[in-house]
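Peer 1: Input: one structure, supplied below.
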Amino acid sequence: AVSVLVHVLFTEVHLSRDDKGVPLSRLQLPTPPATQGSEADRVCAEAQVLETKEEWSAVQERLELALKIDANNTCALYNFGRLLQYHWNSPDKAEAMYLRALQTNGRHVPTLRNLGYLLLSLRRNISTAETMFATALQHNPKEIDVLSGYGSLLQD
């Protein structure tokens with residue numbers, strides 16, 4: 001079971017600009033699994049491709065479908081949280097999605113990071129944000145975005 005979890009963890013890919021010079025957002029792309037991923041993972045990956053095209057309604061439709069297939073799909077929960085936080089400006093709903101994602105995978109560094117940023121910047125809940133960043137760093141001590149968030153927290 002642990003080896004299967006390792007294969008469905010996600011790697012952060014930083015994309016700069018498309019061929020028209022439009023900045024692309026951060027995208028979570030699945031690491032190729034040793035075995036075929038779930039249908040919900042496949043649909044989530046489709047949503048991520050649509051995200052690069054900034055087709056937000058289509059992204060939401062794919063994430064909703066992924067969650068209909070598997071209500072506990074970490075990829076879909078995390079990416080839905082991002083969509084709600086950054087594109088639909090719904091931090092309360094984003095926080096709820098991130099918390100659901102952490103219930104399915106408490107070691108998901110991108111979720112820990114984004115929830116830490118949300119708690120720090122919007123809620124000013126410094127102690128819980130610190131817990132999110134510290135937990136993320138336990139699982140990936142070299143994650144630059146987590147280190148940056150934790151540094152911001154310590155400066156305040």
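A note on labels: chains of the structure tokens are A, B, ... as shown, every chain counts residues from 1, and ligands are counted from 1 in their shown order.
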Just the residues within 10 Å of A:Asn72, please, counting only C-alpha atoms, with nothing from its chain fewer than 6 positions along; format it as a count of residues only.
Peer 2: 8
Peer 1: Between atom CA of A:Ser90 and atom CA of A:Leu112, what is the spacing in Å?
Peer 2: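 Between atom CA of A:Leu112 and atom CA of A:Ser90 the gap works out to 17.8 Å.
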Peer 1: Return the single residue from A:Pro110, A:Glu54, A:Glu39, A:Cys75 that is closest to A:Asn140, with distances computed using only C-alpha atoms.
Peer 2: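 Looking only at the distances to A:Asn140, the closest residue turns out to be A:Pro110.
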Peer 1: Please identify all polymer residues within 7 Å of stretch 76-87 of chain A, counting only C-alpha atoms, omitting same-chain residues fewer than 2 positions from it, and present them as a CSV table (one decimal) with all heavy atoms, in the first residue's frame.
Peer 2:
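Below is the file that was written, result_12.csv:
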```
chain,number,residue,atom,x,y,z
A,44,CYS,N,-8.3,14.1,-13.0
A,44,CYS,CA,-7.7,15.2,-12.4
A,44,CYS,C,-6.5,15.7,-13.3
A,44,CYS,O,-6.3,16.9,-13.4
A,44,CYS,CB,-7.1,14.8,-11.0
A,44,CYS,SG,-6.4,16.1,-10.1
A,63,LEU,N,-12.7,18.5,-12.2
A,63,LEU,CA,-12.4,18.2,-10.8
A,63,LEU,C,-13.7,17.7,-10.1
A,63,LEU,O,-13.6,16.8,-9.3
A,63,LEU,CB,-11.9,19.4,-10.1
A,63,LEU,CG,-10.5,19.9,-10.5
A,63,LEU,CD1,-10.1,21.2,-9.9
A,63,LEU,CD2,-9.4,18.8,-10.3
A,66,ALA,N,-13.9,14.1,-11.1
A,66,ALA,CA,-13.0,13.3,-10.4
A,66,ALA,C,-13.5,13.0,-9.0
A,66,ALA,O,-13.3,11.9,-8.5
A,66,ALA,CB,-11.6,14.0,-10.4
A,67,LEU,N,-14.1,14.0,-8.3
A,67,LEU,CA,-14.6,13.8,-7.0
A,67,LEU,C,-15.8,12.9,-7.0
A,67,LEU,O,-16.1,12.3,-6.0
A,67,LEU,CB,-14.8,15.1,-6.3
A,67,LEU,CG,-13.5,15.9,-6.0
A,67,LEU,CD1,-13.7,17.3,-5.4
A,67,LEU,CD2,-12.6,15.1,-5.0
A,73,ASN,N,-10.2,11.6,-3.5
A,73,ASN,CA,-9.0,11.7,-4.4
A,73,ASN,C,-8.2,13.0,-4.0
A,73,ASN,O,-8.7,14.1,-4.2
A,73,ASN,CB,-9.5,11.8,-5.9
A,73,ASN,CG,-8.3,11.8,-6.8
A,73,ASN,OD1,-7.8,12.9,-7.1
A,73,ASN,ND2,-7.8,10.6,-7.2
A,74,THR,N,-7.0,12.8,-3.5
A,74,THR,CA,-6.2,13.9,-3.0
A,74,THR,C,-5.9,14.9,-4.1
A,74,THR,O,-5.9,16.1,-3.9
A,74,THR,CB,-4.9,13.4,-2.4
A,74,THR,OG1,-5.2,12.4,-1.4
A,74,THR,CG2,-4.0,14.5,-1.8
A,89,ASN,N,-11.8,33.0,-5.8
A,89,ASN,CA,-11.7,33.9,-4.6
A,89,ASN,C,-12.7,33.4,-3.5
A,89,ASN,O,-13.4,34.2,-3.0
A,89,ASN,CB,-12.0,35.3,-5.0
A,89,ASN,CG,-11.5,36.3,-3.9
A,89,ASN,OD1,-10.6,36.0,-3.1
A,89,ASN,ND2,-12.2,37.4,-3.8
A,90,SER,N,-12.6,32.2,-3.2
A,90,SER,CA,-13.4,31.6,-2.1
A,90,SER,C,-12.6,30.9,-1.1
A,90,SER,O,-12.5,29.7,-1.0
A,90,SER,CB,-14.4,30.6,-2.7
A,90,SER,OG,-15.3,31.2,-3.6
A,91,PRO,N,-11.9,31.7,-0.2
A,91,PRO,CA,-11.0,31.1,0.7
A,91,PRO,C,-11.6,30.1,1.7
A,91,PRO,O,-11.0,29.1,2.1
A,91,PRO,CB,-10.3,32.3,1.4
A,91,PRO,CG,-11.3,33.4,1.2
A,91,PRO,CD,-12.0,33.1,-0.1
A,93,LYS,N,-14.1,28.0,1.2
A,93,LYS,CA,-14.3,26.8,0.5
A,93,LYS,C,-13.0,26.1,0.2
A,93,LYS,O,-12.8,24.9,0.2
A,93,LYS,CB,-15.1,27.0,-0.8
A,93,LYS,CG,-16.6,27.4,-0.5
A,93,LYS,CD,-17.3,27.6,-1.8
A,93,LYS,CE,-18.8,28.0,-1.5
A,93,LYS,NZ,-19.5,28.3,-2.8
A,94,ALA,N,-12.0,26.9,-0.2
A,94,ALA,CA,-10.6,26.4,-0.4
A,94,ALA,C,-10.1,25.7,0.8
A,94,ALA,O,-9.5,24.6,0.7
A,94,ALA,CB,-9.7,27.5,-0.9
A,95,GLU,N,-10.2,26.4,1.9
A,95,GLU,CA,-9.8,25.8,3.2
A,95,GLU,C,-10.4,24.5,3.5
A,95,GLU,O,-9.8,23.5,3.9
A,95,GLU,CB,-10.0,26.8,4.3
A,95,GLU,CG,-9.5,26.3,5.7
A,95,GLU,CD,-9.7,27.3,6.8
A,95,GLU,OE1,-10.2,28.4,6.6
A,95,GLU,OE2,-9.3,27.0,7.9
A,97,MET,N,-11.6,22.4,1.3
A,97,MET,CA,-11.0,21.4,0.3
A,97,MET,C,-9.7,20.9,0.8
A,97,MET,O,-9.3,19.7,0.7
A,97,MET,CB,-11.0,22.0,-1.1
A,97,MET,CG,-12.3,22.0,-1.8
A,97,MET,SD,-12.8,20.3,-2.2
A,97,MET,CE,-14.4,20.7,-3.0
A,98,TYR,N,-8.8,21.9,1.2
A,98,TYR,CA,-7.5,21.5,1.6
A,98,TYR,C,-7.6,20.6,2.9
A,98,TYR,O,-6.8,19.6,3.0
A,98,TYR,CB,-6.7,22.8,2.0
A,98,TYR,CG,-6.3,23.6,0.8
A,98,TYR,CD1,-6.2,25.0,1.0
A,98,TYR,CD2,-6.0,23.1,-0.4
A,98,TYR,CE1,-5.8,25.8,0.0
A,98,TYR,CE2,-5.6,23.9,-1.5
A,98,TYR,CZ,-5.5,25.3,-1.3
A,98,TYR,OH,-5.1,26.1,-2.3
A,100,ARG,N,-10.0,18.5,3.6
A,100,ARG,CA,-10.4,17.2,3.1
A,100,ARG,C,-9.3,16.5,2.4
A,100,ARG,O,-9.1,15.3,2.6
A,100,ARG,CB,-11.6,17.4,2.1
A,100,ARG,CG,-12.9,17.6,2.7
A,100,ARG,CD,-14.0,17.7,1.7
A,100,ARG,NE,-14.1,16.5,0.9
A,100,ARG,CZ,-14.8,16.4,-0.3
A,100,ARG,NH1,-15.4,17.5,-0.8
A,100,ARG,NH2,-14.9,15.3,-0.9
A,101,ALA,N,-8.4,17.2,1.7
A,101,ALA,CA,-7.3,16.6,1.0
A,101,ALA,C,-6.3,16.0,2.1
A,101,ALA,O,-5.8,14.9,1.9
A,101,ALA,CB,-6.6,17.6,0.1
A,111,THR,N,-0.6,20.5,-0.5
A,111,THR,CA,-1.7,20.9,0.3
A,111,THR,C,-1.3,21.6,1.6
A,111,THR,O,-1.9,22.6,2.0
A,111,THR,CB,-2.7,19.7,0.6
A,111,THR,OG1,-3.1,19.1,-0.6
A,111,THR,CG2,-3.9,20.1,1.4
```
Peer 1: Would you compute the distance between atom CA of A:Leu119 and atom CA of A:Leu99? Give it in Å to one decimal.
Peer 2: 11.7 Å
Peer 1: Between atom CA of A:Thr131 and atom CA of A:Gln155, what is the distance, to one decimal in Å?
Peer 2: 15.8 Å
Peer 1: Go through stretch 13-144 of chain A and collect every residue that DSSP, computed from the backbone, puts in helix (DSSP H, G or I); the answer should be as a PyMOL selection string.
Peer 2: chain A and resi 39-52+56-69+74-87+91-104+109-123+126-139+144
Peer 1: Excluding A:Trp56 and its own-chain neighbours fewer than 4 positions away, which residues fall within 9 Å of it when counting only C-alpha atoms? Please give them as a count of residues only.
Peer 2: 8
